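Peer 1: Okay, so here is input_8.csv, and as you'll see once you scroll down, it has CSV, C-alpha atoms and all ligand atoms.
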```
chain,number,residue,atom,x,y,z
A,1,MET,CA,227.1,183.9,51.9
A,2,ARG,CA,227.3,185.0,55.6
A,3,GLU,CA,228.1,182.3,58.1
A,4,ILE,CA,226.1,182.7,61.2
A,5,ASP,CA,228.0,182.2,64.4
A,6,LYS,CA,225.1,182.2,66.8
A,7,PRO,CA,221.4,183.0,66.3
A,8,LYS,CA,220.3,185.7,68.7
A,9,VAL,CA,217.2,186.2,70.8
A,10,TYR,CA,216.1,189.6,72.0
A,11,LEU,CA,213.4,190.2,74.6
A,12,VAL,CA,211.5,193.2,73.2
A,13,ALA,CA,208.3,193.5,75.1
A,14,LYS,CA,206.6,192.2,78.3
A,15,THR,CA,203.4,192.7,80.2
A,16,ALA,CA,203.4,195.8,82.4
A,17,LEU,CA,201.1,196.5,85.4
A,18,VAL,CA,199.0,199.7,85.4
A,19,THR,CA,199.5,200.1,89.2
A,20,GLU,CA,197.0,203.0,89.5
A,21,GLY,CA,194.3,200.9,87.9
A,22,LEU,CA,195.0,197.9,90.1
A,23,ASN,CA,195.1,200.0,93.3
A,24,ALA,CA,191.9,201.8,92.2
A,25,TYR,CA,190.2,198.4,91.9
A,26,LEU,CA,191.5,197.3,95.3
A,27,ALA,CA,190.2,200.5,96.9
A,28,ASP,CA,186.8,200.1,95.3
A,29,ILE,CA,186.3,196.6,96.6
A,30,GLY,CA,187.2,197.7,100.2
A,31,ALA,CA,191.0,197.9,100.4
A,32,PRO,CA,191.9,194.3,101.3
A,33,ASP,CA,195.1,193.8,103.2
A,34,TRP,CA,197.2,193.0,100.2
A,35,GLY,CA,199.6,195.0,98.1
A,36,ILE,CA,201.9,194.7,95.1
A,37,ASP,CA,205.3,193.1,95.9
A,38,PRO,CA,208.0,195.5,94.7
A,39,ASP,CA,210.6,192.8,94.6
A,40,VAL,CA,208.9,190.7,91.9
A,41,SER,CA,208.1,191.5,88.2
A,42,ASP,CA,204.9,193.1,87.1
A,43,GLY,CA,203.9,189.8,85.5
A,44,GLU,CA,204.2,187.9,88.7
A,45,ASN,CA,202.2,190.5,90.6
A,46,LEU,CA,199.5,190.3,87.9
A,47,ILE,CA,199.3,186.5,88.1
A,48,GLU,CA,198.9,186.7,91.9
A,49,ALA,CA,196.2,189.4,91.6
A,50,ALA,CA,194.3,187.3,89.0
A,51,GLY,CA,194.3,184.3,91.3
A,52,ARG,CA,193.4,186.2,94.4
A,53,MET,CA,190.5,188.0,92.6
A,54,CYS,CA,189.1,184.6,91.6
A,55,TYR,CA,188.8,183.3,95.2
A,56,ARG,CA,188.6,186.7,97.0
A,57,SER,CA,191.6,185.4,98.8
A,58,TRP,CA,193.5,188.7,99.2
A,59,GLN,CA,193.3,188.2,103.0
A,60,PRO,CA,191.3,186.1,105.5
A,61,TYR,CA,187.6,186.8,105.8
A,62,ASP,CA,186.6,190.1,107.2
A,63,PRO,CA,182.8,190.8,107.5
A,64,ASN,CA,183.6,194.5,107.0
A,65,LYS,CA,185.0,193.8,103.6
A,66,PRO,CA,182.3,191.7,101.9
A,67,GLU,CA,183.5,192.4,98.3
A,68,ALA,CA,187.1,191.7,99.0
A,69,THR,CA,186.9,188.7,101.2
A,70,ASN,CA,185.2,185.3,101.4
A,71,PRO,CA,183.7,183.6,104.4
A,72,ASN,CA,185.2,180.3,103.1
A,73,VAL,CA,188.7,181.7,103.5
A,74,ASP,CA,190.2,181.7,107.0
A,75,ARG,CA,193.8,181.8,106.0
A,76,VAL,CA,195.8,182.8,102.9
A,77,ARG,CA,199.2,182.0,101.5
A,78,LYS,CA,201.6,184.9,102.0
A,79,GLY,CA,204.1,186.1,99.4
A,80,ASN,CA,204.2,186.0,95.7
A,81,LYS,CA,206.7,183.2,95.4
A,82,GLU,CA,204.7,180.9,97.6
A,83,TYR,CA,201.4,181.9,95.9
A,84,ILE,CA,202.6,181.3,92.3
A,85,GLY,CA,204.5,178.1,93.4
A,86,ASN,CA,201.2,176.7,94.6
A,87,VAL,CA,199.4,177.7,91.5
A,88,LEU,CA,202.0,175.9,89.3
A,89,LYS,CA,202.0,172.8,91.6
A,90,SER,CA,198.2,172.5,91.4
A,91,GLY,CA,198.3,172.8,87.5
A,92,HIS,CA,195.7,175.7,87.4
A,93,GLY,CA,197.6,177.4,84.6
A,94,SER,CA,195.0,179.8,83.2
A,95,ILE,CA,196.0,182.8,85.4
A,96,ILE,CA,199.6,182.8,84.0
A,97,GLU,CA,198.1,183.4,80.6
A,98,HIS,CA,197.7,187.0,81.5
A,99,VAL,CA,201.4,187.6,81.1
A,100,ASN,CA,203.0,187.9,77.7
A,101,LEU,CA,206.6,188.0,76.5
A,102,THR,CA,207.7,189.1,73.0
A,103,PHE,CA,211.0,188.1,71.5
A,104,ILE,CA,212.7,188.7,68.2
A,105,CYS,CA,214.7,185.7,67.0
A,106,ARG,CA,217.4,186.8,64.6
A,107,ASN,CA,219.5,184.6,62.3
A,108,VAL,CA,217.4,181.5,63.0
A,109,SER,CA,216.8,179.0,60.3
A,110,ARG,CA,213.5,178.3,58.6
A,111,VAL,CA,213.7,174.9,60.2
A,112,PHE,CA,213.5,176.6,63.6
A,113,THR,CA,210.7,179.0,62.5
A,114,HIS,CA,208.7,176.2,61.0
A,115,GLU,CA,208.8,174.2,64.2
A,116,LEU,CA,208.0,177.3,66.3
A,117,VAL,CA,204.9,178.3,64.4
A,118,ARG,CA,203.4,174.8,64.9
A,119,HIS,CA,202.6,176.1,68.5
A,120,ARG,CA,199.3,177.9,68.0
A,121,ALA,CA,197.6,178.2,71.4
A,122,GLY,CA,198.5,181.6,73.1
A,123,MET,CA,201.0,182.5,70.4
A,124,ALA,CA,201.4,185.4,67.8
A,125,TYR,CA,204.0,185.5,65.0
A,126,SER,CA,205.4,188.0,62.5
A,127,GLN,CA,207.9,186.3,60.2
A,128,GLU,CA,210.3,187.9,57.7
A,129,SER,CA,208.6,187.6,54.3
A,130,LEU,CA,210.7,185.8,51.8
A,131,ARG,CA,208.2,186.8,49.2
A,132,TYR,CA,209.3,190.4,49.7
A,133,VAL,CA,212.9,190.1,50.9
A,134,ARG,CA,215.2,188.9,48.1
A,135,LEU,CA,217.7,186.2,49.0
A,136,ASP,CA,220.8,187.4,47.1
A,137,ASP,CA,222.9,187.2,50.2
A,138,LEU,CA,222.2,184.0,52.1
A,139,SER,CA,223.1,183.7,55.7
A,140,PHE,CA,223.5,180.2,57.1
A,141,TRP,CA,224.3,178.5,60.4
A,142,PHE,CA,226.3,175.3,60.0
A,143,PRO,CA,225.3,172.5,62.4
A,144,GLU,CA,228.1,171.5,64.8
A,145,ALA,CA,228.2,168.0,63.5
A,146,ALA,CA,228.8,169.2,60.0
A,147,CYS,CA,231.5,171.6,61.2
A,148,ASP,CA,233.3,168.6,62.9
A,149,ASN,CA,233.6,166.8,59.6
A,150,ARG,CA,235.7,168.5,57.0
A,151,GLN,CA,234.0,166.8,54.0
A,152,ALA,CA,230.5,167.4,55.4
A,153,LYS,CA,231.3,171.1,56.0
A,154,GLN,CA,232.6,171.4,52.5
A,155,LYS,CA,229.5,169.9,51.1
A,156,PHE,CA,227.3,172.3,53.1
A,157,GLU,CA,229.3,175.3,51.9
A,158,ASP,CA,229.2,174.1,48.2
A,159,VAL,CA,225.5,173.7,48.2
A,160,VAL,CA,224.8,177.0,50.0
A,161,HIS,CA,227.1,178.8,47.5
A,162,PHE,CA,225.4,177.0,44.6
A,163,LEU,CA,221.9,178.0,45.8
A,164,GLU,CA,223.0,181.6,46.5
A,165,GLY,CA,224.4,181.7,43.0
A,166,SER,CA,221.2,180.3,41.6
A,167,GLN,CA,219.3,183.2,43.2
A,168,LYS,CA,221.6,185.7,41.4
A,169,GLU,CA,221.4,183.8,38.1
A,170,LEU,CA,217.6,183.8,38.2
A,171,ALA,CA,217.6,187.5,38.8
A,172,GLU,CA,219.7,187.9,35.7
A,173,ILE,CA,217.5,185.6,33.6
A,174,PHE,CA,214.5,187.8,34.5
A,175,ASP,CA,216.5,191.0,34.2
A,176,PHE,CA,215.3,191.8,37.7
A,177,GLU,CA,217.2,195.1,38.1
A,178,ASN,CA,215.1,196.6,35.3
A,179,ILE,CA,211.8,195.6,36.7
A,180,HIS,CA,210.0,198.4,38.6
A,181,ASP,CA,206.6,197.0,39.0
A,182,PHE,CA,206.4,195.8,42.6
A,183,ALA,CA,203.8,193.1,42.0
A,184,THR,CA,206.1,191.5,39.4
A,185,LYS,CA,209.1,191.7,41.7
A,186,LYS,CA,207.2,190.0,44.5
A,187,GLN,CA,206.0,187.3,42.1
A,188,LEU,CA,209.6,186.6,41.0
A,189,THR,CA,211.0,186.8,44.6
A,190,SER,CA,208.4,184.3,45.6
A,191,MET,CA,209.5,182.0,42.8
A,192,PHE,CA,213.2,182.3,43.6
A,193,ARG,CA,212.8,181.4,47.3
A,194,ARG,CA,211.8,177.9,46.3
A,195,LEU,CA,215.5,177.3,45.6
A,196,ALA,CA,216.6,178.6,49.0
A,197,PRO,CA,217.8,176.1,51.6
A,198,ILE,CA,215.6,175.5,54.6
A,199,GLY,CA,218.6,176.2,56.9
A,200,LEU,CA,218.9,179.8,55.7
A,201,GLY,CA,219.0,182.5,58.4
A,202,THR,CA,215.9,184.6,58.9
A,203,SER,CA,214.0,186.5,61.6
A,204,ILE,CA,210.8,186.0,63.5
A,205,MET,CA,209.0,188.0,66.2
A,206,VAL,CA,207.0,185.9,68.6
A,207,THR,CA,204.7,186.8,71.4
A,208,GLY,CA,203.4,184.1,73.8
A,209,ASN,CA,201.7,184.0,77.1
A,210,LEU,CA,203.7,182.3,80.0
A,211,ARG,CA,201.5,179.2,79.9
A,212,ALA,CA,202.2,178.7,76.3
A,213,TRP,CA,206.0,179.4,76.8
A,214,ARG,CA,206.2,176.8,79.5
A,215,HIS,CA,204.5,174.2,77.3
A,216,ILE,CA,206.8,175.0,74.3
A,217,ILE,CA,210.0,174.9,76.4
A,218,ALA,CA,208.9,171.5,77.9
A,219,MET,CA,208.2,170.1,74.4
A,220,ARG,CA,211.2,171.5,72.6
A,221,THR,CA,213.7,170.6,75.2
A,222,SER,CA,212.8,166.9,74.9
A,223,GLU,CA,215.9,164.8,74.0
A,224,HIS,CA,214.1,164.0,70.7
A,225,ALA,CA,213.7,167.6,69.7
A,226,GLU,CA,215.9,169.2,67.1
A,227,VAL,CA,218.5,171.9,68.0
A,228,ALA,CA,216.7,175.2,68.1
A,229,LYS,CA,218.8,177.2,65.7
A,301,LIG,C1,210.2,166.1,69.4
A,301,LIG,C2,209.1,166.5,68.5
A,301,LIG,C3,208.9,165.9,67.3
A,301,LIG,C4,207.9,166.2,66.4
A,301,LIG,N1,207.7,165.6,65.3
A,301,LIG,C5,206.7,165.9,64.5
A,301,LIG,C6,206.4,165.2,63.2
A,301,LIG,O1,207.1,164.3,62.9
A,301,LIG,N2,205.4,165.6,62.4
A,301,LIG,C7,204.6,166.7,62.8
A,301,LIG,O2,203.7,167.0,62.0
A,301,LIG,N3,204.8,167.4,63.9
A,301,LIG,C8,205.8,167.0,64.8
A,301,LIG,N4,206.0,167.7,65.9
A,301,LIG,C9,205.1,168.9,66.2
A,301,LIG,C10,204.0,168.5,67.2
A,301,LIG,O3,203.2,167.5,66.6
A,301,LIG,C11,203.1,169.7,67.4
A,301,LIG,O4,202.4,170.1,66.3
A,301,LIG,C12,203.9,170.9,67.9
A,301,LIG,O5,204.8,170.5,68.9
A,301,LIG,C13,202.9,171.9,68.5
A,301,LIG,O6,202.5,171.5,69.8
A,301,LIG,P1,201.0,171.4,70.3
A,301,LIG,O7,200.2,170.5,69.4
A,301,LIG,O8,201.1,171.1,71.8
A,301,LIG,O9,200.4,172.8,70.0
A,301,LIG,P2,200.3,174.2,70.8
A,301,LIG,O10,199.7,175.2,69.9
A,301,LIG,O11,201.6,174.5,71.5
A,301,LIG,O12,199.1,173.9,71.9
A,301,LIG,C14,199.3,173.7,73.2
A,301,LIG,C15,198.2,172.7,73.7
A,301,LIG,O13,196.9,173.3,73.5
A,301,LIG,C16,196.0,172.3,73.1
A,301,LIG,N5,195.5,172.5,71.8
A,301,LIG,C17,196.1,173.4,70.8
A,301,LIG,N6,195.4,173.4,69.7
A,301,LIG,C18,194.4,172.5,69.9
A,301,LIG,C19,193.3,172.1,69.1
A,301,LIG,N7,193.1,172.6,67.9
A,301,LIG,N8,192.4,171.3,69.6
A,301,LIG,C20,192.5,170.8,70.9
A,301,LIG,N9,193.6,171.1,71.7
A,301,LIG,C21,194.5,172.0,71.2
A,301,LIG,C22,196.8,170.9,73.2
A,301,LIG,O14,196.6,170.4,74.5
A,301,LIG,C23,198.2,171.4,73.0
A,301,LIG,O15,199.2,170.5,73.5
A,301,LIG,C24,207.0,167.3,66.8
A,301,LIG,C25,207.3,168.0,68.0
A,301,LIG,C26,208.3,167.6,68.8
A,301,LIG,C27,208.5,168.4,70.1
```
Render the structure in this file as structure tokens.
Ligand SMILES: Cc1cc2nc3c(=O)[nH]c(=O)nc-3n(C[C@H](O)[C@H](O)[C@H](O)COP(=O)(O)OP(=O)(O)OC[C@H]3O[C@@H](n4cnc5c(N)ncnc54)[C@H](O)[C@@H]3O)c2cc1C
Peer 2:
Amino acid sequence: MREIDKPKVYLVAKTALVTEGLNAYLADIGAPDWGIDPDVSDGENLIEAAGRMCYRSWQPYDPNKPEATNPNVDRVRKGNKEYIGNVLKSGHGSIIEHVNLTFICRNVSRVFTHELVRHRAGMAYSQESLRYVRLDDLSFWFPEAACDNRQAKQKFEDVVHFLEGSQKELAEIFDFENIHDFATKKQLTSMFRRLAPIGLGTSIMVTGNLRAWRHIIAMRTSEHAEVAK
């Protein structure tokens, strides 16, 4: 058994602007007086571009730029921070869906992954398969409250050891090491995992758009939510 000190989260991908493409579009609509802000992220620039495209609000109306401006617009908000701040305040969240962040969560429990995958809208998941990956070496994070209580910690350790031992015993019962047919191995691994603890450490890759992430963070930081480990 490996005791997990801290689950880890790695940011592995994020939305990138194709600057040439955006600039080509802006040139084609008549070169409005607007440009990418070099001091903010690609994602933030993309959100602003999405919003300004919707209302043709790159700049105040200019009759010489009919495709880039709008006679209804006589002034515009300046600056990315102010622009996005106003979008969030007004609750028009759809433009922030253009930006995605991908994380790998490592050494998190199946409790955590099960709660995470309940969030469906705007999310994509790839989870370590416990039908393929055999659990002969369980990793486990011990909740703080259990660690603070000697008897409780001992109970946790005993049960995890017992369940890990059961995985090994089952492998022996089925003479696993001499099975070479992959379908049979998968079938047995799938069966063994039913005796694994829900708190075992595992990995999940998750991609979400920013709107979805904001929703998840709001829900899962509620005082009633379980610790995300
Ligand atoms: C503190 C806490 C306790 C919980 N306890 C339980 C529990 O006891 N039992 C249990 O089963 N679950 C429980 N949950 C999970 C919860 O019910 C949700 O399933 C989970 O949080 C996913 O959130 P979501 O429904 O907002 O889905 P998301 O996929 O994150 O969706 C985001 C939003 O999109 C909209 N949406 C998504 N899908 C649909 C759809 N099909 N139709 C219409 N609108 C949609 C909704 O407005 C939704 O809020 C708990 C969650 C928390 C935070």
Peer 1: Just the residues within 12 Å of Val76 of chain A, please, counting only C-alpha atoms, with nothing from its chain fewer than 3 positions along; format it as an MDAnalysis selection string.
Peer 2: chainID A and resid 33:34 51:52 55:61 69:70 72:73 79:80 82:83 86
Peer 1: Per residue of chain A within 7 Å of ligand LIG 301 (chain A), which atom pair is closest and at what distance in Å (one decimal), using all atoms listed in the file, listed by chain and increasing number, as JSON lines?
Peer 2:
```
{"residue": "A:Glu115", "atom": "CA", "partner": "A:LIG301", "partner_atom": "C9", "distance": 6.8}
{"residue": "A:Arg118", "atom": "CA", "partner": "A:LIG301", "partner_atom": "C13", "distance": 4.6}
{"residue": "A:His119", "atom": "CA", "partner": "A:LIG301", "partner_atom": "O10", "distance": 3.3}
{"residue": "A:Arg120", "atom": "CA", "partner": "A:LIG301", "partner_atom": "O10", "distance": 3.3}
{"residue": "A:Ala121", "atom": "CA", "partner": "A:LIG301", "partner_atom": "O10", "distance": 4.0}
{"residue": "A:Ala212", "atom": "CA", "partner": "A:LIG301", "partner_atom": "O11", "distance": 6.4}
{"residue": "A:His215", "atom": "CA", "partner": "A:LIG301", "partner_atom": "O11", "distance": 6.5}
{"residue": "A:Ile216", "atom": "CA", "partner": "A:LIG301", "partner_atom": "O11", "distance": 5.9}
{"residue": "A:Met219", "atom": "CA", "partner": "A:LIG301", "partner_atom": "C27", "distance": 4.6}
{"residue": "A:Arg220", "atom": "CA", "partner": "A:LIG301", "partner_atom": "C27", "distance": 4.8}
{"residue": "A:Ser222", "atom": "CA", "partner": "A:LIG301", "partner_atom": "C1", "distance": 6.1}
{"residue": "A:His224", "atom": "CA", "partner": "A:LIG301", "partner_atom": "C1", "distance": 4.6}
{"residue": "A:Ala225", "atom": "CA", "partner": "A:LIG301", "partner_atom": "C1", "distance": 3.8}
{"residue": "A:Glu226", "atom": "CA", "partner": "A:LIG301", "partner_atom": "C1", "distance": 6.9}
```
Peer 1: Between atom CA of Glu3 of chain A and atom CA of Thr207 of chain A, measure the distance and give it in Å to one decimal.
Peer 2: 27.3 Å
Peer 1: Using all atoms listed in the file, can you tell me which of A:Leu188, A:Val133, A:Val108, A:Ala218 comes closest to Pro7 of chain A?
Peer 2: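 Going through A:Leu188, A:Val133, A:Val108, A:Ala218 one by one, the smallest distance to Pro7 of chain A is for A:Val108.
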Peer 1: To one decimal in Å, tell me the separation between atom CA of Thr189 of chain A and atom CA of Arg131 of chain A.
Peer 2: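 Spanning atom CA of Thr189 of chain A to atom CA of Arg131 of chain A is a straight-line distance of 5.4 Å.
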Peer 1: With all atoms listed in the file as the basis for distance, which of A:His180, A:Arg211, A:Arg150, A:Lys6 is at the shortest distance from His92 of chain A?
Peer 2: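 Looking only at the distances to His92 of chain A, the closest residue turns out to be A:Arg211.
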Peer 1: So which residues touch Tyr25 of chain A within 12 Å, counting all atoms listed in the file, skipping near sequence neighbours fewer than 4 positions away, as a list in words?
Peer 2: Val18, Thr19, Glu20, Gly21, Ile29, Gly30, Ala31, Pro32, Gly35, Ala49, Met53, Glu67 and Ala68 of chain A
Peer 1: So how many Å separate atom CA of Met191 of chain A and atom CA of Val159 of chain A, to one decimal?
Peer 2: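 Interatomic distance here is 18.8 Å.
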Peer 1: Just checking: using all atoms listed in the file, which residue out of A:Leu200, A:Val9, A:Ala152, A:Ala50 ends up closest to Thr102 of chain A?
Peer 2: A:Val9
